[in-house]
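Asks: Handing you this structure, nothing more for now.
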Amino acid sequence: MSHHGNNPLPGVGDTPAPDVQKVLSEHMQKLLGEYPKGRLNDNDSGAIAMSVGVEAGRVILRFPKPVAWVGMTGDEAFEIAQSLLRHARSAGVTSPLVIRLGG
């Protein structure tokens, strides 16, 4: 279904992975200690930076450190969904887009 790994990929698009990881780490430094909209639960480590890209025909989500879960508002989820759809198109999606809202 999907792929995962603990080490950064060689690169996304024209940007080598070390540069992507560096940018993500720099953004993380700015976010340290921030809890947008308050703390979600006792395990909430605060805000996290992430990037979306395409590598070898796969959509890649990158994080600056290992992450077990990510929480977000509905609006933020919608923004990520739009980004994933844009990158899916770049990755060569062949399925038609069908959006189902509700049960």
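Quick note on naming: the chains in the structure tokens go A, B, ... in the order shown, residues restart at 1 in each chain, and ligands are numbered from 1 in order of appearance.
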Write out as a list in words each polymer residue whose atoms come within 10 Å of Val59 of chain A, counting only C-alpha atoms; drop sequence neighbours fewer than 5 positions from it.

Replies: Ser2, His3, Val12, Val52, Gly53, Val54, Leu84, Leu85, Arg86, His87, Ala88, Arg89, Ser90, Ala91 and Gly92 of chain A

Asks: Okay, now the selection with C-alpha atoms, as a PDB file, in the first residue's frame?

Replies:
```pdb
ATOM      1  CA  SER A   2       2.606   2.559   1.075  1.00  0.00           C
ATOM      2  CA  HIS A   3       6.310   2.877   1.789  1.00  0.00           C
ATOM      3  CA  VAL A  12      12.624  15.117  -3.763  1.00  0.00           C
ATOM      4  CA  VAL A  52       5.127  17.128   0.564  1.00  0.00           C
ATOM      5  CA  GLY A  53       6.962  16.204  -2.618  1.00  0.00           C
ATOM      6  CA  VAL A  54       7.235  13.611  -5.382  1.00  0.00           C
ATOM      7  CA  LEU A  84      -1.544  15.732  -1.648  1.00  0.00           C
ATOM      8  CA  LEU A  85      -3.899  15.937  -4.628  1.00  0.00           C
ATOM      9  CA  ARG A  86      -1.589  18.384  -6.443  1.00  0.00           C
ATOM     10  CA  HIS A  87       1.383  16.119  -5.836  1.00  0.00           C
ATOM     11  CA  ALA A  88      -0.618  13.022  -6.801  1.00  0.00           C
ATOM     12  CA  ARG A  89      -1.194  14.648 -10.178  1.00  0.00           C
ATOM     13  CA  SER A  90       2.569  15.248 -10.484  1.00  0.00           C
ATOM     14  CA  ALA A  91       3.186  11.615  -9.497  1.00  0.00           C
ATOM     15  CA  GLY A  92       0.987  10.447 -12.386  1.00  0.00           C
TER      16      GLY A  92
END
```

Asks: Excluding segment 25-34 of chain A and its own-chain neighbours fewer than 3 positions away, which residues fall within 7 Å of it when counting only C-alpha atoms? Please give them as an MDAnalysis selection string.

Replies: chainID A and resid 21:22 46:49 64

Asks: If I take atom CA of Val93 of chain A and atom CA of Ala56 of chain A, how far is one from the other in Å, to one decimal?

Replies: 12.8 Å

Asks: Write out as a list of chain:residue names all residues of chain A that backbone DSSP assigns to strand (DSSP E).

Replies: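 Secondary structure check on chain A, strand (DSSP E): A:Gly11, A:Val12, A:Thr15, A:Pro16, A:Ser51, A:Val52, A:Gly53, A:Val54, A:Glu55, A:Arg58, A:Val59, A:Ile60, A:Leu61, A:Arg62.
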
Asks: Grab the atom CA of Ser45 of chain A to atom CA of Arg58 of chain A distance for me, in Å with one decimal place.

Replies: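 Taking atom CA of Ser45 of chain A as the start and atom CA of Arg58 of chain A as the end point, the length is 28.3 Å.
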
Asks: With only C-alpha atoms as the counted atoms, please give the residues lying no more than 12 Å from segment 75-77 of chain A, apart from itself and same-chain residues fewer than 5 positions off, as a ChimeraX atom specification.

Replies: /A:36-37,70,82-84

Asks: Just the selected residues (C-alpha atoms), exported as a compact mmCIF listing (two decimals), in the first residue's frame, please.

Replies:
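Below is the file that was written, part_23.txt:
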```txt
# COMPACT_ATOMS: atom_id res chain seq x y z
CA PRO A 36 -1.27 25.93 17.95
CA LYS A 37 -4.81 26.03 19.30
CA VAL A 70 -0.11 14.26 13.62
CA GLN A 82 -5.20 19.76 -1.52
CA SER A 83 -1.41 19.53 -1.45
CA LEU A 84 -1.54 15.73 -1.65
```

Asks: Compare A:Asn41, A:Ala68, A:Glu79, A:Gly57 by their minimum atom-to-atom distance to Thr94 of chain A, counting only C-alpha atoms, and give me the closest one.

Replies: A:Gly57

Asks: Could you please write out, as a VMD selection string, every residue of chain A that DSSP assigns to helix (DSSP H, G or I)?

Replies: chain A and resid 17 to 31 74 to 90
